[in-house]
>>> print(open('protein.txt').read())   # compact mmCIF, C-alpha atoms
# COMPACT_ATOMS: atom_id res chain seq x y z
CA MET M 1 60.27 -41.90 -44.77
CA LYS M 2 63.05 -40.60 -42.51
CA ILE M 3 62.69 -37.19 -44.10
CA LEU M 4 58.92 -37.25 -43.49
CA ARG M 5 59.37 -38.27 -39.86
CA ALA M 6 61.96 -35.56 -39.36
CA SER M 7 59.58 -33.00 -40.88
CA VAL M 8 56.71 -34.12 -38.66
CA THR M 9 58.96 -34.07 -35.60
CA GLY M 10 60.18 -30.60 -36.49
CA LEU M 11 56.62 -29.41 -36.99
CA VAL M 12 55.55 -30.76 -33.58
CA ILE M 13 58.53 -29.15 -31.87
CA GLY M 14 57.82 -25.87 -33.67
CA LEU M 15 54.17 -25.90 -32.64
CA ALA M 16 55.16 -26.73 -29.07
CA CYS M 17 57.52 -23.75 -29.02
CA LEU M 18 54.87 -21.45 -30.43
CA LEU M 19 52.36 -22.69 -27.84
CA SER M 20 54.90 -22.15 -25.09
CA VAL M 21 55.52 -18.59 -26.24
CA ALA M 22 51.79 -17.91 -26.50
CA ILE M 23 51.17 -19.25 -23.00
CA GLY M 24 54.10 -17.29 -21.62
CA SER M 25 52.84 -14.04 -23.13
CA ALA M 26 49.18 -14.55 -22.13
CA PRO M 27 47.90 -12.79 -19.05
CA ALA M 28 47.83 -14.80 -15.84
CA SER M 29 44.58 -16.64 -15.28
CA ALA M 30 42.05 -15.31 -12.84
CA ALA M 31 42.58 -18.45 -10.75
CA ASP M 32 45.83 -17.09 -9.30
CA TYR M 33 44.82 -13.40 -9.19
CA PRO M 34 46.47 -11.48 -7.67
CA ASN M 35 49.95 -13.01 -7.79
CA ARG M 36 51.81 -9.72 -7.45
CA PRO M 37 51.17 -6.29 -5.86
CA VAL M 38 48.19 -4.27 -7.12
CA ARG M 39 48.40 -0.50 -7.65
CA TRP M 40 45.39 1.50 -6.52
CA LEU M 41 45.49 5.02 -7.94
CA ILE M 42 43.94 7.78 -5.82
CA GLY M 43 43.25 11.14 -7.42
CA PHE M 44 43.90 13.19 -4.29
CA ALA M 45 46.59 13.94 -1.73
CA ALA M 46 47.37 11.66 1.19
CA GLY M 47 45.45 12.34 4.39
CA GLY M 48 42.19 13.41 2.74
CA PRO M 49 38.86 11.57 2.95
CA VAL M 50 39.35 9.56 -0.25
CA ASP M 51 42.78 8.49 0.96
CA ILE M 52 41.42 7.48 4.38
CA VAL M 53 38.76 5.18 2.94
CA ALA M 54 41.14 3.76 0.33
CA ARG M 55 43.71 2.81 2.96
CA ILE M 56 41.10 1.10 5.13
CA MET M 57 40.08 -1.06 2.17
CA ALA M 58 43.63 -1.55 0.88
CA GLN M 59 44.73 -2.95 4.23
CA TRP M 60 41.87 -5.47 4.28
CA LEU M 61 42.41 -6.51 0.66
CA SER M 62 46.15 -6.93 1.23
CA GLU M 63 45.53 -9.21 4.20
CA HIS M 64 42.76 -11.11 2.38
CA PHE M 65 44.73 -11.83 -0.80
CA GLY M 66 48.23 -12.03 0.68
CA GLN M 67 49.38 -9.45 -1.87
CA GLN M 68 49.89 -5.75 -1.30
CA PHE M 69 47.27 -3.33 -2.58
CA VAL M 70 49.45 -0.25 -2.81
CA VAL M 71 47.71 3.12 -2.55
CA GLU M 72 49.35 5.54 -4.98
CA ASN M 73 48.31 9.18 -4.68
CA ARG M 74 48.19 11.02 -8.02
CA GLY M 75 46.65 14.36 -7.05
CA GLY M 76 45.73 17.18 -9.39
CA SER M 77 43.16 18.24 -11.98
CA GLY M 78 40.22 17.16 -9.85
CA GLY M 79 41.29 13.52 -9.94
CA ASN M 80 41.67 13.46 -13.73
CA ILE M 81 45.41 12.77 -13.63
CA ALA M 82 44.85 9.55 -11.70
CA ALA M 83 41.91 8.58 -13.91
CA ALA M 84 43.92 9.05 -17.11
CA ALA M 85 46.85 7.07 -15.69
CA ALA M 86 44.58 4.19 -14.71
CA ILE M 87 42.74 4.17 -18.04
CA ASN M 88 46.06 4.06 -19.93
CA SER M 89 47.37 1.15 -17.85
CA ALA M 90 47.30 -2.51 -18.85
CA PRO M 91 43.80 -3.96 -18.31
CA ASP M 92 45.03 -6.88 -16.24
CA GLY M 93 43.60 -6.10 -12.81
CA TYR M 94 46.90 -4.87 -11.41
CA THR M 95 46.03 -1.18 -11.75
CA LEU M 96 42.79 0.02 -10.18
CA LEU M 97 41.22 3.44 -9.74
CA PHE M 98 39.46 4.81 -6.69
CA VAL M 99 36.15 6.18 -8.00
CA ALA M 100 34.35 9.13 -6.42
CA PRO M 101 31.86 11.81 -7.52
CA ASN M 102 34.62 13.75 -9.28
CA ASN M 103 34.69 11.08 -11.99
CA ALA M 104 30.99 11.63 -12.69
CA ILE M 105 31.32 15.42 -12.47
CA SER M 106 34.38 15.80 -14.71
CA THR M 107 32.53 14.45 -17.74
CA SER M 108 30.50 17.64 -18.05
CA LEU M 109 32.63 20.12 -16.08
CA TYR M 110 35.85 19.68 -18.08
CA LYS M 111 35.57 20.69 -21.72
CA LYS M 112 38.68 18.82 -22.87
CA LEU M 113 39.27 15.38 -21.39
CA SER M 114 41.54 12.77 -22.98
CA TYR M 115 39.11 10.00 -22.08
CA ASP M 116 35.44 9.10 -21.68
CA PHE M 117 35.13 7.69 -18.18
CA ILE M 118 32.12 5.44 -18.77
CA ARG M 119 33.43 4.18 -22.11
CA ASP M 120 37.03 3.63 -20.99
CA THR M 121 36.54 1.96 -17.60
CA VAL M 122 34.74 -1.03 -16.16
CA PRO M 123 32.95 -0.75 -12.81
CA VAL M 124 34.32 -3.12 -10.18
CA ALA M 125 32.75 -2.46 -6.78
CA SER M 126 30.96 0.13 -4.68
CA ILE M 127 32.39 0.75 -1.20
CA ILE M 128 30.47 3.44 0.66
CA GLN M 129 28.04 6.31 0.36
CA LEU M 130 28.67 9.48 2.31
CA THR M 131 27.71 13.09 2.64
CA ASN M 132 29.74 16.26 2.62
CA MET M 133 29.76 18.70 5.52
CA LEU M 134 29.88 22.49 5.48
CA VAL M 135 32.51 23.57 7.99
CA VAL M 136 33.70 27.12 8.55
CA SER M 137 36.59 28.86 10.24
CA ASN M 138 36.09 29.41 13.94
CA ALA M 139 36.89 33.06 13.25
CA LEU M 140 33.75 33.43 11.13
CA PRO M 141 30.93 34.93 13.27
CA VAL M 142 28.25 32.42 12.21
CA LYS M 143 26.78 29.35 13.88
CA THR M 144 23.99 28.31 11.50
CA VAL M 145 23.51 27.93 7.76
CA GLN M 146 21.14 30.89 7.70
CA GLU M 147 23.61 33.09 9.57
CA PHE M 148 26.27 32.05 7.06
CA ILE M 149 24.04 32.98 4.11
CA ASP M 150 23.25 36.34 5.73
CA TYR M 151 26.97 36.97 6.35
CA CYS M 152 27.83 36.24 2.71
CA LYS M 153 25.12 38.60 1.49
CA ALA M 154 26.36 41.32 3.83
CA ASN M 155 29.96 40.77 2.68
CA PRO M 156 29.74 40.06 -1.08
CA GLY M 157 32.94 38.70 -2.61
CA LYS M 158 34.76 38.62 0.74
CA VAL M 159 34.11 34.96 1.55
CA SER M 160 36.39 32.30 0.03
CA TYR M 161 35.76 28.57 -0.03
CA ALA M 162 38.37 25.85 -0.36
CA SER M 163 38.00 22.69 -2.40
CA SER M 164 40.02 19.57 -3.06
CA GLY M 165 40.21 20.56 -6.74
CA TYR M 166 38.05 21.45 -9.70
CA GLY M 167 35.34 18.91 -10.42
CA THR M 168 35.29 17.28 -6.99
CA SER M 169 32.08 16.91 -5.00
CA VAL M 170 33.67 19.36 -2.55
CA HIS M 171 33.85 21.97 -5.32
CA MET M 172 30.45 21.26 -6.82
CA SER M 173 28.65 21.12 -3.47
CA ALA M 174 29.84 24.67 -2.84
CA GLU M 175 28.87 25.81 -6.35
CA LEU M 176 25.41 24.31 -6.02
CA PHE M 177 25.00 26.00 -2.64
CA ARG M 178 26.24 29.31 -4.03
CA ALA M 179 23.70 29.17 -6.84
CA MET M 180 20.76 28.00 -4.73
CA ALA M 181 21.43 30.41 -1.85
CA ALA M 182 22.09 33.30 -4.28
CA ILE M 183 25.35 34.35 -2.62
CA GLU M 184 28.86 35.25 -3.79
CA MET M 185 31.87 33.14 -2.84
CA VAL M 186 35.40 32.92 -4.27
CA HIS M 187 36.74 29.46 -5.14
CA VAL M 188 40.25 28.53 -3.93
CA PRO M 189 41.19 25.04 -5.20
CA TYR M 190 43.77 22.85 -3.43
CA ARG M 191 45.31 19.51 -4.37
CA GLY M 192 43.40 17.88 -1.51
CA SER M 193 41.24 18.90 1.40
CA ALA M 194 43.87 17.93 3.98
CA ILE M 195 46.10 20.64 2.54
CA ALA M 196 43.31 23.21 2.78
CA PHE M 197 42.45 22.86 6.46
CA PRO M 198 45.42 24.84 7.87
CA ASP M 199 44.26 27.83 5.78
CA ILE M 200 40.69 27.42 7.01
CA MET M 201 41.88 27.28 10.61
CA SER M 202 43.85 30.49 10.09
CA ASN M 203 40.88 32.07 8.24
CA LYS M 204 42.82 32.61 5.01
CA VAL M 205 39.84 30.87 3.43
CA GLN M 206 36.61 30.72 5.34
CA LEU M 207 34.99 27.35 4.59
CA ILE M 208 34.89 24.03 2.80
CA PHE M 209 32.14 21.56 1.86
CA ASP M 210 34.39 18.63 2.61
CA ASN M 211 33.72 14.91 2.48
CA LEU M 212 32.57 13.78 5.89
CA PRO M 213 35.65 11.76 7.01
CA SER M 214 38.07 14.67 7.27
CA ALA M 215 35.41 17.32 7.98
CA LEU M 216 34.09 15.25 10.87
CA GLU M 217 37.58 14.69 12.25
CA GLN M 218 38.35 18.42 12.19
CA SER M 219 34.98 19.48 13.65
CA ARG M 220 35.27 16.93 16.46
CA ALA M 221 38.72 18.30 17.23
CA GLY M 222 37.22 21.81 17.45
CA THR M 223 39.53 23.25 14.79
CA VAL M 224 36.54 24.23 12.59
CA ARG M 225 32.80 24.70 13.11
CA ALA M 226 30.25 22.37 11.49
CA LEU M 227 27.13 24.05 10.10
CA GLY M 228 25.36 21.37 8.10
CA VAL M 229 25.50 18.22 5.96
CA THR M 230 24.73 18.03 2.25
CA SER M 231 22.46 14.97 2.42
CA PRO M 232 18.71 15.63 2.02
CA GLN M 233 18.14 14.58 5.64
CA ARG M 234 20.33 14.57 8.73
CA TRP M 235 23.08 11.98 8.43
CA PRO M 236 22.92 8.81 10.57
CA GLY M 237 25.13 9.21 13.62
CA LEU M 238 25.07 13.02 13.44
CA PRO M 239 21.57 13.93 14.64
CA ASP M 240 22.70 17.28 16.02
CA VAL M 241 24.07 18.51 12.67
CA PRO M 242 21.24 19.88 10.50
CA ALA M 243 20.85 19.11 6.82
CA ILE M 244 21.50 22.20 4.70
CA ALA M 245 18.23 21.37 2.96
CA GLU M 246 16.44 22.43 6.16
CA THR M 247 17.49 25.99 5.28
CA VAL M 248 17.89 25.70 1.49
CA PRO M 249 15.03 23.43 0.35
CA GLY M 250 16.02 20.93 -2.34
CA PHE M 251 19.76 21.13 -1.69
CA GLU M 252 21.45 17.73 -1.95
CA SER M 253 24.93 16.38 -2.63
CA VAL M 254 25.57 12.78 -1.55
CA GLY M 255 28.73 11.08 -2.74
CA PHE M 256 29.85 7.54 -3.53
CA TYR M 257 33.20 5.77 -3.33
CA GLY M 258 34.22 2.65 -5.20
CA ILE M 259 36.62 0.93 -7.58
CA SER M 260 36.92 0.89 -11.37
CA ALA M 261 39.49 -0.64 -13.70
CA PRO M 262 40.67 0.00 -17.27
CA LYS M 263 38.35 -1.20 -20.04
CA GLY M 264 39.25 -4.74 -21.05
CA THR M 265 40.01 -5.96 -17.53
CA PRO M 266 38.96 -9.65 -17.46
CA PRO M 267 35.43 -10.15 -16.08
CA GLU M 268 36.76 -12.95 -13.87
CA VAL M 269 39.15 -10.53 -12.17
CA VAL M 270 36.38 -7.97 -11.74
CA GLU M 271 34.22 -10.65 -10.10
CA ILE M 272 37.01 -11.70 -7.74
CA LEU M 273 37.53 -8.10 -6.61
CA ASN M 274 33.79 -7.42 -6.32
CA LYS M 275 33.26 -10.45 -4.08
CA ALA M 276 36.26 -9.48 -1.95
CA VAL M 277 34.96 -5.94 -1.39
CA ALA M 278 31.51 -7.31 -0.54
CA GLU M 279 33.15 -9.63 1.99
CA ALA M 280 35.14 -6.75 3.45
CA LEU M 281 31.94 -4.76 3.92
CA LYS M 282 30.61 -7.59 6.09
CA ASP M 283 33.67 -7.49 8.36
CA PRO M 284 32.60 -5.77 11.62
CA LYS M 285 36.02 -4.14 12.02
CA VAL M 286 35.92 -2.63 8.51
CA VAL M 287 32.32 -1.50 8.95
CA GLU M 288 33.22 0.13 12.26
CA ARG M 289 36.16 2.00 10.75
CA LEU M 290 34.11 3.19 7.77
CA THR M 291 31.24 4.22 10.05
CA ASP M 292 33.66 6.13 12.27
CA VAL M 293 34.59 8.31 9.30
CA GLY M 294 30.94 8.85 8.40
CA GLY M 295 30.48 6.31 5.62
CA ILE M 296 27.57 3.94 5.02
CA PRO M 297 28.73 0.64 3.43
CA LYS M 298 27.04 0.15 0.03
CA PRO M 299 28.07 -3.14 -1.63
CA MET M 300 26.84 -3.53 -5.21
CA THR M 301 27.37 -5.82 -8.17
CA PRO M 302 29.54 -4.43 -10.99
CA ALA M 303 26.40 -3.81 -13.06
CA GLU M 304 24.68 -1.95 -10.21
CA PHE M 305 27.76 0.17 -9.62
CA GLY M 306 27.99 0.95 -13.34
CA LYS M 307 24.38 2.16 -13.33
CA LEU M 308 25.10 4.35 -10.29
CA ILE M 309 28.06 5.96 -12.08
CA ALA M 310 25.91 6.60 -15.18
CA ASP M 311 23.08 8.04 -13.09
CA GLU M 312 25.47 10.27 -11.13
CA THR M 313 27.08 11.47 -14.36
CA GLU M 314 23.71 12.62 -15.65
CA LYS M 315 22.74 14.20 -12.32
CA TRP M 316 25.93 16.24 -12.11
CA ARG M 317 25.63 17.28 -15.75
CA LYS M 318 22.44 19.07 -14.76
CA VAL M 319 24.09 20.59 -11.66
CA VAL M 320 27.05 21.87 -13.70
CA ALA M 321 24.64 23.53 -16.11
CA PHE M 322 22.56 24.93 -13.24
CA ALA M 323 25.61 26.37 -11.46
CA GLY M 324 27.03 27.71 -14.73
CA VAL M 325 30.61 26.53 -14.19
CA SER M 326 33.14 24.89 -16.49
CA VAL M 327 36.86 24.18 -16.69
CA GLU M 328 38.91 24.20 -19.90
>>> encode(input="protein.txt", output="structure tokens")
Amino acid sequence: MKILRASVTGLVIGLACLLSVAIGSAPASAADYPNRPVRWLIGFAAGGPVDIVARIMAQWLSEHFGQQFVVENRGGSGGNIAAAAAINSAPDGYTLLFVAPNNAISTSLYKKLSYDFIRDTVPVASIIQLTNMLVVSNALPVKTVQEFIDYCKANPGKVSYASSGYGTSVHMSAELFRAMAAIEMVHVPYRGSAIAFPDIMSNKVQLIFDNLPSALEQSRAGTVRALGVTSPQRWPGLPDVPAIAETVPGFESVGFYGISAPKGTPPEVVEILNKAVAEALKDPKVVERLTDVGGIPKPMTPAEFGKLIADETEKWRKVVAFAGVSVE
């Protein structure tokens, strides 16, 4: 009997130890998420439009949760370096990815990717929608989109455009414009648009179709000249800047910013983050800051944001084919 009791006691203790180990190794419950700093990977250099919006949101999220949301810039390869790093991280909600049009574009533009963005990520939240803006060097003798087209046709191969990297909306907006306007332009990729602007100001490159936050900042400062926006109509708040579509009918390139996480991230964590972003987009101070940089807040459920990413992926597949560009 003593032997039996000892065996039962040993079994109970053993099971208790195993349960303790299992609990200790299990991921933290969503109830206390986040209980440590969260990394937010950004695929572009600091100071650019993606970085600006990310830092606005990161500050609000840090204050809301009482844990730091740390913006980590991983520039290069049109945002693919950051995407791959996020996808290969633990799916626990502590590594997030800033999502932008480049993630939808890369699927068809890049012939060899180590991941499938839609398959390997889960959509978390939409933040804003925004347009790009065509801005040119002040040294370029043009003041309208039509004058710019005429200048390019009169100077074939002598006009260079900057981008924030292959596969970005900045790159593809220019390629779509080049194809639709039937002009020649030389692509000069940078690791971020902020890095490109000094060369545009000095006329080493002549233009960029940049995301509105940084393009608007530079045009307001008078360091570059704004010619048009890439939305199908004039952008709210910028009634004096024409839509490029007014000169090139059918031209359109409107971007989206949001958050995704590695596949397998707990749905409860995704829901917590989605609700927090939606709350942030109701905060008048956040809305004002996002509006100041040209964004229109666009809160969505995870499912709605996932559909947007899928739709944008298909749209840009057609644009890539139309423009006839690809990257190995």
>>> closest_atom_pairs(input="protein.txt", of="segment 15-103 of chain M", to="segment 111-135 of chain M", cutoff="9 Å", atoms="all atoms listed in the file", output="CSV")
residue,atom,partner,partner_atom,distance
M:Val53,CA,M:Ile128,CA,8.8
M:Met57,CA,M:Ile127,CA,8.6
M:Asn80,CA,M:Leu113,CA,8.3
M:Ala83,CA,M:Phe117,CA,8.1
M:Ala84,CA,M:Tyr115,CA,7.0
M:Ala86,CA,M:Thr121,CA,8.8
M:Ile87,CA,M:Asp120,CA,6.4
M:Val99,CA,M:Ser126,CA,8.6
M:Asn103,CA,M:Phe117,CA,7.1
>>> closest_residue(input="protein.txt", among="M:Pro299, M:Gly264, M:Pro198, M:Gly324", to="Asn88 of chain M", atoms="all atoms listed in the file")
M:Gly264
>>> closest_atom_pairs(input="protein.txt", of="segment 145-200 of chain M", to="segment 206-211 of chain M", cutoff="6 Å", atoms="all atoms listed in the file", output="Markdown table")
| residue | atom | partner | partner_atom | distance |
| --- | --- | --- | --- | --- |
| M:Ser160 | CA | M:Gln206 | CA | 5.5 |
| M:Tyr161 | CA | M:Leu207 | CA | 4.8 |
| M:Ala162 | CA | M:Ile208 | CA | 5.0 |
| M:Val170 | CA | M:Phe209 | CA | 5.2 |
| M:Ile200 | CA | M:Gln206 | CA | 5.5 |
>>> closest_residue(input="protein.txt", among="M:Leu96, M:Leu140, M:Ala245, M:Leu227", to="Val205 of chain M", atoms="all atoms listed in the file")
M:Leu140
>>> closest_residue(input="protein.txt", among="M:Ala280, M:Val71, M:Val287, M:Ala181", to="Ile244 of chain M", atoms="all atoms listed in the file")
M:Ala181
>>> build_atoms(input="protein.txt", residues="segment 254-289 of chain M", atoms="N, CA and C atoms", output="compact mmCIF listing (two decimals), in the frame of the given file")
# COMPACT_ATOMS: atom_id res chain seq x y z
N VAL M 254 25.13 13.99 -2.24
CA VAL M 254 25.57 12.78 -1.55
C VAL M 254 26.54 12.04 -2.46
N GLY M 255 27.68 11.67 -1.93
CA GLY M 255 28.73 11.08 -2.74
C GLY M 255 28.80 9.57 -2.65
N PHE M 256 29.63 8.98 -3.51
CA PHE M 256 29.85 7.54 -3.53
C PHE M 256 31.33 7.28 -3.75
N TYR M 257 31.82 6.19 -3.15
CA TYR M 257 33.20 5.77 -3.33
C TYR M 257 33.21 4.32 -3.83
N GLY M 258 34.14 4.01 -4.71
CA GLY M 258 34.22 2.65 -5.20
C GLY M 258 35.48 2.40 -6.00
N ILE M 259 35.46 1.34 -6.80
CA ILE M 259 36.62 0.93 -7.58
C ILE M 259 36.23 0.71 -9.03
N SER M 260 37.05 1.21 -9.95
CA SER M 260 36.92 0.89 -11.37
C SER M 260 38.27 0.41 -11.87
N ALA M 261 38.27 -0.14 -13.08
CA ALA M 261 39.49 -0.64 -13.70
C ALA M 261 39.48 -0.27 -15.18
N PRO M 262 40.64 -0.32 -15.84
CA PRO M 262 40.67 0.00 -17.27
C PRO M 262 39.77 -0.92 -18.09
N LYS M 263 39.17 -0.38 -19.14
CA LYS M 263 38.35 -1.20 -20.04
C LYS M 263 39.16 -2.37 -20.57
N GLY M 264 38.55 -3.54 -20.59
CA GLY M 264 39.25 -4.74 -21.05
C GLY M 264 39.75 -5.61 -19.92
N THR M 265 39.63 -5.14 -18.68
CA THR M 265 40.01 -5.96 -17.53
C THR M 265 39.15 -7.23 -17.52
N PRO M 266 39.74 -8.41 -17.39
CA PRO M 266 38.96 -9.65 -17.46
C PRO M 266 37.79 -9.68 -16.49
N PRO M 267 36.61 -10.08 -16.96
CA PRO M 267 35.43 -10.15 -16.08
C PRO M 267 35.66 -11.03 -14.85
N GLU M 268 36.49 -12.07 -15.01
CA GLU M 268 36.76 -12.95 -13.87
C GLU M 268 37.50 -12.20 -12.76
N VAL M 269 38.41 -11.33 -13.15
CA VAL M 269 39.15 -10.53 -12.17
C VAL M 269 38.21 -9.53 -11.50
N VAL M 270 37.36 -8.91 -12.29
CA VAL M 270 36.38 -7.97 -11.74
C VAL M 270 35.51 -8.67 -10.70
N GLU M 271 35.08 -9.89 -11.02
CA GLU M 271 34.22 -10.65 -10.10
C GLU M 271 34.95 -11.00 -8.81
N ILE M 272 36.22 -11.38 -8.92
CA ILE M 272 37.01 -11.70 -7.74
C ILE M 272 37.11 -10.49 -6.82
N LEU M 273 37.40 -9.32 -7.40
CA LEU M 273 37.53 -8.10 -6.61
C LEU M 273 36.19 -7.69 -6.02
N ASN M 274 35.11 -7.80 -6.80
CA ASN M 274 33.79 -7.42 -6.32
C ASN M 274 33.39 -8.25 -5.11
N LYS M 275 33.62 -9.57 -5.20
CA LYS M 275 33.26 -10.45 -4.08
C LYS M 275 34.12 -10.15 -2.85
N ALA M 276 35.38 -9.80 -3.07
CA ALA M 276 36.26 -9.48 -1.95
C ALA M 276 35.80 -8.22 -1.23
N VAL M 277 35.44 -7.19 -2.00
CA VAL M 277 34.96 -5.94 -1.39
C VAL M 277 33.66 -6.19 -0.63
N ALA M 278 32.77 -6.98 -1.22
CA ALA M 278 31.51 -7.31 -0.54
C ALA M 278 31.78 -8.03 0.78
N GLU M 279 32.77 -8.91 0.77
CA GLU M 279 33.15 -9.63 1.99
C GLU M 279 33.73 -8.66 3.02
N ALA M 280 34.55 -7.74 2.55
CA ALA M 280 35.14 -6.75 3.45
C ALA M 280 34.06 -5.92 4.13
N LEU M 281 33.01 -5.60 3.38
CA LEU M 281 31.94 -4.76 3.92
C LEU M 281 31.02 -5.52 4.87
N LYS M 282 31.31 -6.81 5.07
CA LYS M 282 30.61 -7.59 6.09
C LYS M 282 31.48 -7.75 7.34
N ASP M 283 32.74 -7.37 7.24
CA ASP M 283 33.67 -7.49 8.36
C ASP M 283 33.36 -6.40 9.39
N PRO M 284 32.98 -6.77 10.60
CA PRO M 284 32.60 -5.77 11.62
C PRO M 284 33.68 -4.71 11.87
N LYS M 285 34.95 -5.10 11.78
CA LYS M 285 36.02 -4.14 12.02
C LYS M 285 36.08 -3.10 10.90
N VAL M 286 35.91 -3.55 9.65
CA VAL M 286 35.92 -2.63 8.51
C VAL M 286 34.71 -1.71 8.58
N VAL M 287 33.55 -2.30 8.85
CA VAL M 287 32.32 -1.50 8.95
C VAL M 287 32.46 -0.44 10.03
N GLU M 288 33.03 -0.83 11.16
CA GLU M 288 33.22 0.13 12.26
C GLU M 288 34.13 1.27 11.85
N ARG M 289 35.22 0.95 11.16
CA ARG M 289 36.16 2.00 10.75
C ARG M 289 35.53 2.93 9.71
